[in-house]
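What follows is the content of structure.tsv (TSV, C-alpha atoms).
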chain	number	residue	atom	x	y	z
K	293	MET	CA	92.12	80.72	101.76
K	294	SER	CA	89.81	83.66	101.12
K	295	VAL	CA	91.05	87.03	99.90
K	296	ASN	CA	89.82	90.16	101.64
K	297	LEU	CA	88.60	92.62	99.01
K	298	ASN	CA	86.61	94.80	101.42
K	299	PRO	CA	88.73	97.62	102.90
K	300	GLY	CA	86.29	97.91	105.77
K	301	VAL	CA	86.83	94.33	106.96
K	302	LEU	CA	90.33	93.59	108.24
K	303	LEU	CA	90.77	89.81	108.15
K	304	TYR	CA	94.58	89.95	108.38
K	305	PRO	CA	95.36	92.91	110.64
K	306	ARG	CA	99.11	92.29	111.07
K	307	ILE	CA	99.60	94.40	107.95
K	308	ARG	CA	96.55	96.56	107.40
K	309	LYS	CA	95.18	98.34	104.36
K	310	SER	CA	94.50	102.05	104.58
K	311	PRO	CA	90.94	103.22	103.88
K	312	PHE	CA	92.22	104.50	100.54
K	313	PHE	CA	94.26	101.42	99.58
K	314	TYR	CA	92.07	100.21	96.73
K	315	ALA	CA	91.49	103.70	95.37
K	316	SER	CA	95.14	104.77	95.46
K	317	ARG	CA	96.47	101.59	93.87
K	318	GLN	CA	94.38	102.25	90.74
K	319	HIS	CA	96.89	104.99	89.90
K	320	GLY	CA	99.74	102.51	89.48
K	321	VAL	CA	101.67	102.10	92.74
K	322	ALA	CA	105.24	101.07	91.90
K	323	MET	CA	106.50	100.35	95.44
K	324	TYR	CA	105.00	99.78	98.87
K	325	SER	CA	106.51	99.91	102.33
K	326	VAL	CA	104.89	99.21	105.70
K	327	TYR	CA	104.22	102.16	108.01
K	328	ASN	CA	102.30	101.84	111.27
K	329	HIS	CA	101.58	98.20	110.38
K	330	THR	CA	99.84	99.41	107.21
K	331	TYR	CA	100.71	99.17	103.50
K	332	HIS	CA	102.08	102.53	102.38
K	333	ALA	CA	102.45	103.58	98.75
K	334	ARG	CA	106.02	104.94	98.44
K	335	HIS	CA	105.86	106.12	94.84
K	336	TYR	CA	104.11	105.67	91.52
K	337	GLY	CA	107.05	105.12	89.20
K	338	ASP	CA	109.09	108.34	89.06
K	339	PRO	CA	109.77	110.12	92.38
K	340	VAL	CA	111.50	113.02	90.62
K	341	ALA	CA	108.44	113.65	88.45
K	342	GLU	CA	106.34	113.49	91.61
K	343	TYR	CA	108.62	116.11	93.18
K	344	TRP	CA	108.02	118.52	90.30
K	345	ALA	CA	104.27	117.80	90.37
K	346	LEU	CA	104.25	118.81	94.04
K	347	LEU	CA	106.24	122.01	93.43
K	348	GLU	CA	104.35	123.14	90.34
K	349	GLY	CA	100.81	121.78	90.62
K	350	VAL	CA	98.67	119.82	93.04
K	351	THR	CA	99.09	116.31	94.40
K	352	LEU	CA	97.02	113.74	96.29
K	353	TRP	CA	98.57	111.33	98.81
K	354	ASP	CA	97.21	108.30	100.60
K	355	VAL	CA	98.36	108.92	104.18
K	356	GLY	CA	95.85	106.63	105.83
K	357	VAL	CA	98.88	105.09	107.53
K	358	GLU	CA	98.87	108.10	109.87
K	359	ARG	CA	96.85	106.30	112.51
K	360	GLN	CA	95.07	108.53	115.03
K	361	VAL	CA	95.09	108.32	118.79
K	362	GLU	CA	91.99	110.05	120.15
K	363	ILE	CA	92.03	111.37	123.72
K	364	THR	CA	88.80	112.56	125.35
K	365	GLY	CA	87.29	112.79	128.83
K	366	PRO	CA	87.44	115.15	131.83
K	367	ASP	CA	91.22	114.79	132.22
K	368	ALA	CA	92.04	114.83	128.50
K	369	PHE	CA	93.78	118.20	128.49
K	370	GLU	CA	95.82	117.51	131.61
K	371	PHE	CA	96.82	114.08	130.32
K	372	THR	CA	97.74	115.21	126.80
K	373	ASN	CA	99.70	118.16	128.18
K	374	MET	CA	101.67	115.65	130.25
K	375	LEU	CA	102.24	113.39	127.25
K	376	VAL	CA	104.20	115.99	125.25
K	377	PRO	CA	106.89	118.55	126.22
K	378	ARG	CA	105.17	121.39	124.33
K	379	ASP	CA	102.97	123.68	126.45
K	380	LEU	CA	99.41	123.00	125.29
K	381	THR	CA	97.99	125.91	127.25
K	382	LYS	CA	99.21	127.80	124.17
K	383	CYS	CA	97.19	125.56	121.82
K	384	LYS	CA	93.72	126.90	121.06
K	385	VAL	CA	90.72	124.75	120.19
K	386	GLY	CA	90.91	124.31	116.43
K	387	GLN	CA	94.69	124.66	116.38
K	388	CYS	CA	97.30	122.04	115.38
K	389	LYS	CA	100.80	121.62	116.79
K	390	TYR	CA	103.83	119.57	115.78
K	391	VAL	CA	104.82	117.78	119.00
K	392	PHE	CA	107.08	115.10	120.40
K	393	VAL	CA	105.90	112.28	122.61
K	394	THR	CA	108.81	111.70	124.98
K	395	GLY	CA	109.73	108.85	127.29
K	396	ASN	CA	111.07	108.99	130.84
K	397	ASP	CA	114.62	109.30	129.49
K	398	GLY	CA	113.70	112.15	127.14
K	399	GLY	CA	113.82	109.95	124.04
K	400	ILE	CA	111.40	110.71	121.20
K	401	LEU	CA	108.76	107.99	121.03
K	402	ASN	CA	106.84	109.69	118.19
K	403	ASP	CA	106.50	113.08	116.52
K	404	PRO	CA	102.82	113.45	115.64
K	405	VAL	CA	100.79	116.42	114.55
K	406	LEU	CA	98.39	117.16	117.40
K	407	LEU	CA	94.90	118.46	116.59
K	408	ARG	CA	92.90	120.09	119.37
K	409	LEU	CA	89.28	119.54	118.38
K	410	GLY	CA	87.73	120.59	121.71
K	411	GLU	CA	88.66	121.67	125.22
K	412	ASN	CA	89.14	118.00	126.14
K	413	HIS	CA	89.31	116.42	122.70
K	414	PHE	CA	92.63	115.68	120.96
K	415	TRP	CA	93.91	113.65	118.03
K	416	LEU	CA	97.53	112.60	117.68
K	417	SER	CA	98.23	111.93	114.00
K	418	LEU	CA	101.05	109.46	114.42
K	419	ALA	CA	104.37	108.87	112.76
K	420	ASP	CA	105.64	105.29	112.39
K	421	SER	CA	105.65	104.03	115.98
K	422	ASP	CA	103.07	102.63	118.40
K	423	VAL	CA	101.74	105.18	120.88
K	424	LEU	CA	98.21	103.92	121.56
K	425	MET	CA	99.30	101.30	124.10
K	426	TRP	CA	101.82	103.71	125.66
K	427	ALA	CA	99.09	106.31	126.20
K	428	LYS	CA	96.62	103.76	127.56
K	429	ALA	CA	99.18	102.38	130.01
K	430	LEU	CA	100.15	105.85	131.26
K	431	ALA	CA	96.53	106.87	131.77
K	432	HIS	CA	95.82	103.70	133.71
K	433	ALA	CA	98.95	103.98	135.85
K	434	LEU	CA	98.20	107.61	136.68
K	435	GLY	CA	94.51	107.00	137.34
K	436	MET	CA	93.39	109.69	134.90
K	437	ASP	CA	89.79	110.00	133.70
K	438	VAL	CA	90.31	109.75	129.95
K	439	GLU	CA	89.14	107.65	127.04
K	440	ILE	CA	91.93	106.68	124.62
K	441	HIS	CA	91.31	104.74	121.41
K	442	GLU	CA	91.95	104.68	117.68
K	443	PRO	CA	88.98	106.25	115.89
K	444	ASP	CA	87.79	105.20	112.44
K	445	VAL	CA	89.54	108.18	110.86
K	446	GLY	CA	91.79	108.25	107.81
K	447	PRO	CA	93.66	111.24	106.36
K	448	VAL	CA	94.68	112.14	102.82
K	449	GLN	CA	96.90	115.04	101.82
K	450	VAL	CA	96.24	117.57	99.05
K	451	GLN	CA	99.50	119.45	98.57
K	452	GLY	CA	101.08	121.93	96.17
K	453	PRO	CA	100.57	125.52	94.97
K	454	LYS	CA	97.25	124.66	93.28
K	455	SER	CA	95.89	122.80	96.31
K	456	GLY	CA	93.77	125.78	97.35
K	457	ALA	CA	91.90	125.74	94.05
K	458	VAL	CA	91.02	122.06	94.45
K	459	MET	CA	89.95	122.55	98.06
K	460	ALA	CA	87.77	125.54	97.12
K	461	ASP	CA	85.99	123.43	94.50
K	462	LEU	CA	85.40	120.74	97.13
K	463	PHE	CA	84.42	122.86	100.13
K	464	GLY	CA	83.79	126.40	98.92
K	465	GLU	CA	85.91	129.52	99.06
K	466	SER	CA	85.76	129.77	102.86
K	467	ILE	CA	88.16	126.82	103.15
K	468	LEU	CA	90.91	129.15	101.93
K	469	ASP	CA	90.67	131.16	105.14
K	470	ILE	CA	92.04	128.36	107.35
K	471	PRO	CA	95.29	129.68	108.89
K	472	TYR	CA	98.49	127.64	108.81
K	473	TYR	CA	98.33	124.82	111.39
K	474	TYR	CA	94.62	125.21	112.15
K	475	ALA	CA	91.74	122.81	111.50
K	476	VAL	CA	87.99	123.05	110.86
K	477	GLN	CA	85.06	120.63	110.71
K	478	ARG	CA	83.46	120.31	107.27
K	479	GLU	CA	81.20	118.10	105.17
K	480	VAL	CA	81.75	116.94	101.61
K	481	ALA	CA	79.29	114.78	99.65
K	482	GLY	CA	77.57	113.87	102.91
K	483	MET	CA	80.83	112.76	104.57
K	484	GLN	CA	82.07	114.34	107.80
K	485	VAL	CA	85.72	115.46	107.73
K	486	VAL	CA	88.27	117.60	109.55
K	487	VAL	CA	90.38	119.79	107.26
K	488	SER	CA	93.75	121.11	108.44
K	489	ARG	CA	96.37	123.39	106.88
K	490	THR	CA	99.16	120.89	107.47
K	491	GLY	CA	101.27	118.45	105.45
K	492	TYR	CA	104.56	116.63	105.04
K	493	THR	CA	105.86	118.94	102.31
K	494	ALA	CA	106.60	122.51	103.45
K	495	GLU	CA	104.42	123.52	100.50
K	496	LEU	CA	100.95	125.04	100.56
K	497	GLY	CA	98.70	122.13	101.45
K	498	TYR	CA	95.88	120.51	103.38
K	499	GLU	CA	95.05	117.27	105.13
K	500	ILE	CA	91.51	115.89	105.04
K	501	TYR	CA	90.68	113.57	107.96
K	502	LEU	CA	87.69	111.39	107.11
K	503	HIS	CA	85.29	110.07	109.74
K	504	ASN	CA	83.92	106.56	109.07
K	505	ALA	CA	86.97	106.07	106.89
K	506	SER	CA	86.70	102.29	106.62
K	507	ARG	CA	83.29	102.79	105.00
K	508	ASP	CA	83.79	105.95	102.93
K	509	GLY	CA	87.50	105.98	102.03
K	510	VAL	CA	87.08	105.17	98.35
K	511	ARG	CA	84.15	107.59	98.04
K	512	LEU	CA	86.19	110.49	99.46
K	513	TRP	CA	89.15	109.65	97.23
K	514	ASP	CA	86.92	109.67	94.16
K	515	ALA	CA	85.39	113.01	95.16
K	516	ILE	CA	88.83	114.61	95.54
K	517	TRP	CA	90.01	113.11	92.26
K	518	GLU	CA	86.96	114.45	90.42
K	519	ALA	CA	87.50	117.94	91.85
K	520	GLY	CA	91.22	117.81	91.12
K	521	GLU	CA	91.25	116.55	87.54
K	522	PRO	CA	90.53	120.01	86.01
K	523	HIS	CA	93.51	121.33	87.98
K	524	GLY	CA	95.91	118.57	86.88
K	525	LEU	CA	95.82	116.63	90.16
K	526	THR	CA	98.55	113.98	90.38
K	527	VAL	CA	98.68	111.05	92.81
K	528	ILE	CA	102.09	110.69	94.44
K	529	GLY	CA	103.83	109.09	97.40
K	530	PRO	CA	105.67	110.90	100.20
K	531	CYS	CA	108.09	113.38	98.63
K	532	HIS	CA	111.23	112.84	100.67
K	533	ILE	CA	113.29	115.11	98.41
K	534	ARG	CA	111.09	118.03	99.41
K	535	ARG	CA	110.88	117.15	103.10
K	536	ILE	CA	114.70	116.85	103.31
K	537	GLU	CA	115.06	120.24	101.59
K	538	ALA	CA	112.65	121.64	104.18
K	539	GLY	CA	114.35	120.20	107.26
K	540	ILE	CA	111.41	117.88	108.04
K	541	LEU	CA	112.52	114.82	110.00
K	542	SER	CA	111.36	111.23	109.62
K	543	TRP	CA	110.72	109.12	112.71
K	544	GLY	CA	112.62	105.83	112.50
K	545	CYS	CA	115.38	107.42	110.39
K	546	ASP	CA	116.40	110.83	111.69
K	547	ILE	CA	114.71	110.55	115.08
K	548	THR	CA	113.99	107.50	117.23
K	549	ALA	CA	113.40	106.58	120.85
K	550	ASP	CA	117.20	106.66	121.22
K	551	THR	CA	117.44	110.34	120.25
K	552	ASN	CA	116.30	113.34	122.26
K	553	PRO	CA	114.98	116.71	121.07
K	554	PHE	CA	118.24	118.54	121.85
K	555	GLU	CA	120.23	116.20	119.60
K	556	VAL	CA	117.95	116.71	116.60
K	557	GLY	CA	117.68	120.49	116.71
K	558	TYR	CA	114.58	120.98	118.88
K	559	GLY	CA	115.23	122.25	122.35
K	560	PHE	CA	118.26	124.53	122.29
K	561	GLU	CA	117.21	126.26	119.06
K	562	LYS	CA	113.42	125.79	119.17
K	563	THR	CA	112.62	126.09	122.84
K	564	TRP	CA	108.85	126.00	122.34
K	565	MET	CA	109.09	122.30	121.42
K	566	VAL	CA	110.56	121.49	124.84
K	567	ASP	CA	109.13	124.01	127.30
K	568	LEU	CA	110.94	123.31	130.56
K	569	ASP	CA	109.44	126.42	132.20
K	570	GLN	CA	105.81	125.31	131.92
K	571	ASP	CA	103.88	124.14	134.98
K	572	ALA	CA	103.00	120.73	133.56
K	573	ASP	CA	105.20	117.90	134.81
K	574	PHE	CA	105.35	116.18	131.43
K	575	ILE	CA	106.89	112.76	130.87
K	576	GLY	CA	110.66	113.12	130.50
K	577	LYS	CA	110.85	116.63	131.95
K	578	ASP	CA	113.52	115.81	134.53
K	579	ALA	CA	115.63	113.96	131.98
K	580	LEU	CA	115.36	116.75	129.41
K	581	ARG	CA	116.21	119.39	132.01
K	582	ARG	CA	119.35	117.40	132.88
K	583	ILE	CA	120.25	116.95	129.19
K	584	LYS	CA	119.91	120.69	128.59
K	585	GLN	CA	122.17	121.48	131.56
K	586	GLU	CA	124.82	118.89	130.68
K	587	GLY	CA	124.70	119.35	126.90
K	588	VAL	CA	124.73	116.68	124.23
K	589	GLY	CA	127.57	114.74	122.66
K	590	ARG	CA	126.14	114.47	119.16
K	591	LYS	CA	123.97	116.50	116.81
K	592	LEU	CA	121.85	115.93	113.72
K	593	VAL	CA	123.27	118.25	111.05
K	594	GLY	CA	122.60	119.01	107.43
K	595	VAL	CA	125.11	117.70	104.89
K	596	ARG	CA	125.80	118.34	101.23
K	597	ILE	CA	127.32	115.30	99.56
K	598	ASP	CA	129.35	115.28	96.34
K	599	GLY	CA	129.22	112.58	93.69
K	600	PRO	CA	126.50	110.87	91.66
K	601	SER	CA	122.85	111.04	92.67
K	602	VAL	CA	121.97	109.09	95.81
K	603	GLY	CA	118.36	108.79	94.60
K	604	SER	CA	115.12	110.11	96.05
K	605	PHE	CA	115.17	108.20	99.38
K	606	ASN	CA	111.77	106.61	98.78
K	607	ASP	CA	112.97	104.81	95.63
K	608	GLY	CA	114.88	102.20	97.67
K	609	ALA	CA	118.31	103.51	96.65
K	610	MET	CA	119.27	104.26	100.26
K	611	ILE	CA	118.73	100.77	101.66
K	612	ASP	CA	120.83	101.49	104.75
K	613	VAL	CA	122.45	104.43	106.50
K	614	PHE	CA	125.52	105.95	104.84
K	615	PRO	CA	128.61	105.82	107.11
K	616	VAL	CA	130.24	109.18	107.85
K	617	HIS	CA	134.04	109.46	108.31
K	618	ASP	CA	136.25	112.38	109.19
K	619	PRO	CA	138.91	113.43	106.65
K	620	HIS	CA	141.40	111.08	108.36
K	621	GLY	CA	139.24	107.99	107.83
K	622	LEU	CA	137.75	107.65	111.33
K	623	ARG	CA	134.10	106.64	111.31
K	624	ILE	CA	132.23	109.23	113.36
K	625	GLY	CA	128.55	108.86	112.49
K	626	GLU	CA	125.99	108.14	109.82
K	627	VAL	CA	123.70	109.81	107.32
K	628	THR	CA	120.11	109.11	108.35
K	629	SER	CA	118.30	110.52	105.28
K	630	ALA	CA	119.62	111.66	101.93
K	631	ALA	CA	118.31	112.52	98.47
K	632	HIS	CA	119.35	114.27	95.29
K	633	SER	CA	117.66	117.68	95.07
K	634	PRO	CA	116.98	118.83	91.49
K	635	ARG	CA	116.73	122.46	92.59
K	636	ILE	CA	119.90	122.45	94.66
K	637	GLU	CA	121.50	120.29	91.93
K	638	GLY	CA	123.22	118.06	94.43
K	639	ASN	CA	122.85	115.50	97.18
K	640	ILE	CA	121.58	116.69	100.54
K	641	GLY	CA	120.74	114.94	103.77
K	642	TYR	CA	121.02	114.75	107.54
K	643	ALA	CA	123.84	113.14	109.51
K	644	MET	CA	124.21	112.33	113.20
K	645	VAL	CA	127.76	113.31	114.18
K	646	PRO	CA	129.71	114.24	117.33
K	647	ILE	CA	129.25	117.90	118.26
K	648	ALA	CA	132.89	118.59	117.38
K	649	TYR	CA	131.77	118.23	113.74
K	650	GLN	CA	128.54	120.25	113.89
K	651	GLU	CA	129.73	123.58	112.52
K	652	PRO	CA	128.73	124.48	108.94
K	653	GLY	CA	131.67	124.09	106.59
K	654	THR	CA	133.12	121.10	108.44
K	655	GLU	CA	134.50	118.63	105.90
K	656	LEU	CA	133.40	114.98	106.03
K	657	VAL	CA	133.52	111.86	103.90
K	658	VAL	CA	130.22	110.05	103.32
K	659	HIS	CA	130.15	106.50	101.97
K	660	THR	CA	127.15	106.37	99.61
K	661	GLN	CA	126.12	103.50	97.34
K	662	HIS	CA	128.71	104.96	94.91
K	663	GLY	CA	131.60	104.75	97.37
K	664	PRO	CA	133.32	107.46	99.47
K	665	GLN	CA	132.28	111.03	98.58
K	666	GLN	CA	133.40	114.40	99.86
K	667	ALA	CA	130.78	116.15	101.99
K	668	VAL	CA	130.36	119.28	104.05
K	669	VAL	CA	128.16	120.19	107.01
K	670	SER	CA	125.44	122.63	105.97
K	671	GLU	CA	122.72	124.69	107.61
K	672	LYS	CA	119.24	123.14	107.55
K	673	PRO	CA	116.63	123.66	106.27
K	674	PHE	CA	118.28	123.82	102.88
K	675	LEU	CA	115.43	125.91	101.42
K	676	ASP	CA	112.84	128.37	102.82
K	677	PRO	CA	114.02	128.32	106.47
K	678	THR	CA	111.20	130.63	107.64
K	679	LYS	CA	108.49	128.47	105.96
K	680	ASP	CA	107.11	131.36	103.95
K	681	ILE	CA	105.85	128.93	101.26
K	682	PRO	CA	103.39	126.90	103.37
K	683	LYS	CA	102.35	129.95	105.44
K	684	ARG	CA	101.32	132.04	102.44
K	685	LEU	CA	97.67	132.87	101.90
K	686	ALA	CA	95.91	130.20	99.84
K	687	ARG	CA	93.92	132.87	98.02
K	688	SER	CA	97.13	134.34	96.58
K	689	ALA	CA	98.58	131.01	95.39
How does this structure look as structure tokens?
Amino acid sequence: MSVNLNPGVLLYPRIRKSPFFYASRQHGVAMYSVYNHTYHARHYGDPVAEYWALLEGVTLWDVGVERQVEITGPDAFEFTNMLVPRDLTKCKVGQCKYVFVTGNDGGILNDPVLLRLGENHFWLSLADSDVLMWAKALAHALGMDVEIHEPDVGPVQVQGPKSGAVMADLFGESILDIPYYYAVQREVAGMQVVVSRTGYTAELGYEIYLHNASRDGVRLWDAIWEAGEPHGLTVIGPCHIRRIEAGILSWGCDITADTNPFEVGYGFEKTWMVDLDQDADFIGKDALRRIKQEGVGRKLVGVRIDGPSVGSFNDGAMIDVFPVHDPHGLRIGEVTSAAHSPRIEGNIGYAMVPIAYQEPGTELVVHTQHGPQQAVVSEKPFLDPTKDIPKRLARSA
């Protein structure tokens, strides 16, 4: 049996390699998972050290697992606006939006970052679920004039307070003028890229989307590494401690096709994510209108959990959900994500519970890997609720 050593040739596509697989593994990957049918570096040995590197310096992530769905053609805007419950008439060309892809029942099929690259040109940068076939089937069934495919594009993330300095060395000072959740076309070392002010951290940061990624992935990685070394660039995996602090949800854990936006805090509180007043008849609109009128029976809440550290989430310590009981011993729900936050000096996470238990201060019992622990419902995000950190000007960082 031959061994595929060329990242541009996928001989065994059931589990793929990202365009940056061979470059990122040179930094000592300690654990992999599979995300979007692709090997995903979870961490490089010490997730807590990676957390501090993100907060205090600048970090590089292989996020080539964020597969893109590209939508173009005469009906691309109309179709994409029907695919998500957010009103895309409010999304300018060059702007990015966090969106849900919803099913007929209002369930969340994915929660990508949407990039609008042209009037009728969109990318959906996917979380860990298949949307390409869903979008193709919908377009065919509705007879819409669109082209939908997965482009040869791979993203990396440069995140942390010093990320602006690295990006300026790569692209020039003008890159620092990109507003939060906007994107621009750029070139670096002869490679065509899209640069966005986005990331999975709630820190100052950027994503670089590489065209011809299967060919140039290693070359882009090396260029970023060279620019970042003088600034102390560190390669890390996804920092789940930080994303839990920030209230960022993870598809497949905190949200799934069996949850709807109103249950997970988007809809009642953040009405722009589910705009029921827009003209577009998006998929799931009737179901979500009914859910809003009738209310929900459960809610995803923040929790603070006593006891020993539950780990960093991406270290494998939380191998299953943590059961949640009321003070009388009745099982009422489960913790979907949890980690020990060094800054908060305690365990934090999210739990799906009946709405009778949603109020902050409600006492619970969470069964962690250390046994039953006292817990309390808490507001989320746990830190920086107005996202002042990632919105700040890169020039002032």
For a quick check of understanding, using only C-alpha atoms, which of K:Ala368, K:Leu622, K:Leu407, K:Ile533 has the smallest distance to Asn606 of chain K?
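Among the listed residues, the smallest separation from Asn606 of chain K belongs to K:Ile533.
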Would you mind reading off the distance between atom CA of Pro522 of chain K and atom CA of Phe463 of chain K, one decimal, in Å?
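Computing the Euclidean distance for atom CA of Pro522 of chain K and atom CA of Phe463 of chain K yields 15.6 Å.
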Could you list, as a PyMOL selection string, every residue within 9 Å of segment 443-457 of chain K, counting all atoms listed in the file and ignoring same-chain residues fewer than 3 positions away?
chain K and resi 310-312+345-362+417+460-462+465+467-468+485-486+490-493+495-506+509+513+516+520+523-525+681-682+686-687+689
Met374 of chain K environment, 9 Å, all atoms listed in the file, sequence neighbours closer than 6 positions dropped, as a list in words:
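These residues fall inside the cut-off: Ala572, Asp573, Phe574 and Ile575 of chain K.
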If we count all atoms listed in the file and set the cut-off at 10 Å, which residues sit around segment 667-670 of chain K, ignoring sequence neighbours fewer than 3 positions away in its own chain? Please answer as a ChimeraX atom specification.
/K:593-599,616-619,639-643,645,649-659,664,673-674
Per residue of segment 409-500 of chain K within 7 Å of segment 385-388 of chain K, record the nearest atom pair and its distance in Å to one decimal, counting all atoms listed in the file, with rows in chain order and ascending residue number, as JSON lines.
{"residue": "K:Leu409", "atom": "CA", "partner": "K:Gly386", "partner_atom": "CA", "distance": 5.4}
{"residue": "K:Gly410", "atom": "CA", "partner": "K:Val385", "partner_atom": "CA", "distance": 5.3}
{"residue": "K:Glu411", "atom": "CA", "partner": "K:Val385", "partner_atom": "CA", "distance": 6.2}
{"residue": "K:Tyr473", "atom": "CA", "partner": "K:Cys388", "partner_atom": "CA", "distance": 5.0}
{"residue": "K:Tyr474", "atom": "CA", "partner": "K:Gln387", "partner_atom": "CA", "distance": 4.3}
{"residue": "K:Ala475", "atom": "CA", "partner": "K:Gly386", "partner_atom": "CA", "distance": 5.2}
{"residue": "K:Val476", "atom": "CA", "partner": "K:Gly386", "partner_atom": "CA", "distance": 6.4}
Do you know which residues are at most 12 Å from Trp543 of chain K counting only C-alpha atoms, after dropping those on the same chain fewer than 3 positions away, and could you put them as a PyMOL selection string?
chain K and resi 327-328+392-393+399-404+418-422+540+546-552+556+628-629
Smallest atom-to-atom distance to Gln318 of chain K: which of K:Ile583, K:Val438, K:Val527, K:Ala494, using all atoms listed in the file?
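Among the listed residues, K:Val527 lies closest to Gln318 of chain K.
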Just checking: using only C-alpha atoms, which residue out of K:Leu375, K:Val510, K:Ala333, K:Leu685 ends up closest to Gly320 of chain K?
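For Gly320 of chain K, the nearest of the given residues is K:Ala333.
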When you look at Thr330 of chain K with a cut-off of 6 Å (counting only C-alpha atoms), what residues show up, excluding the ones that are within fewer than 4 positions of it in the same chain? I need them as a ChimeraX atom specification.
/K:307-309,326,357
Mind listing whatever residues come within 10 Å of the point (98.8, 116.1, 126.1)? Use only C-alpha atoms, file coordinates, and give them as a short mmCIF file (atom, residue, chain, number, x, y, z; two decimals) with C-alpha atoms, in the frame of the given file.
data_model
loop_
_atom_site.label_atom_id
_atom_site.label_comp_id
_atom_site.auth_asym_id
_atom_site.auth_seq_id
_atom_site.Cartn_x
_atom_site.Cartn_y
_atom_site.Cartn_z
CA ILE K 363 92.03 111.37 123.72
CA ASP K 367 91.22 114.79 132.22
CA ALA K 368 92.04 114.83 128.50
CA PHE K 369 93.78 118.20 128.49
CA GLU K 370 95.82 117.51 131.61
CA PHE K 371 96.82 114.08 130.32
CA THR K 372 97.74 115.21 126.80
CA ASN K 373 99.70 118.16 128.18
CA MET K 374 101.67 115.65 130.25
CA LEU K 375 102.24 113.39 127.25
CA VAL K 376 104.20 115.99 125.25
CA PRO K 377 106.89 118.55 126.22
CA ARG K 378 105.17 121.39 124.33
CA ASP K 379 102.97 123.68 126.45
CA LEU K 380 99.41 123.00 125.29
CA THR K 381 97.99 125.91 127.25
CA VAL K 391 104.82 117.78 119.00
CA VAL K 393 105.90 112.28 122.61
CA LEU K 406 98.39 117.16 117.40
CA ARG K 408 92.90 120.09 119.37
CA ASN K 412 89.14 118.00 126.14
CA PHE K 414 92.63 115.68 120.96
CA TRP K 415 93.91 113.65 118.03
CA LEU K 416 97.53 112.60 117.68
CA ALA K 427 99.09 106.31 126.20
CA ALA K 572 103.00 120.73 133.56
CA PHE K 574 105.35 116.18 131.43
CA ILE K 575 106.89 112.76 130.87
#
Proximity to Lys389 of chain K - best of K:Arg590, K:Ile611, K:His413, K:Val405, all atoms listed in the file:
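Ranking K:Arg590, K:Ile611, K:His413, K:Val405 by distance to Lys389 of chain K, first place goes to K:Val405.
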By how many Å are atom CA of Glu586 of chain K and atom CA of Glu671 of chain K apart?
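Between atom CA of Glu586 of chain K and atom CA of Glu671 of chain K the gap works out to 23.9 Å.
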Mind giving me the straight-line distance from atom CA of Ala579 of chain K to atom CA of Asp437 of chain K in Å, one decimal?
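Taking atom CA of Ala579 of chain K as the start and atom CA of Asp437 of chain K as the end point, the length is 26.2 Å.
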Exercise: residues within 7 Å of coordinate (99.3, 102.5, 92.5), counting only C-alpha atoms, as a ChimeraX atom specification
/K:316-322,336
Given 4 Å on each side, where is the centre and what are the edge lengths in Å to one decimal of the axis-aligned box enclosing the listed atoms of segment 643-659 of chain K, as AutoDock Vina command-line options?
--center_x 129.2 --center_y 115.5 --center_z 110.1 --size_x 18.7 --size_y 26.0 --size_z 24.3
Just checking: using all atoms listed in the file, which residue out of K:Asp567, K:Asp607, K:Asp397, K:Glu518 ends up closest to Ser325 of chain K?
K:Asp607
I'd like to know which of K:Tyr343, K:Tyr324, K:Tyr390, K:Tyr314 is closest to Trp564 of chain K, using only C-alpha atoms.
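Going through K:Tyr343, K:Tyr324, K:Tyr390, K:Tyr314 one by one, the smallest distance to Trp564 of chain K is for K:Tyr390.
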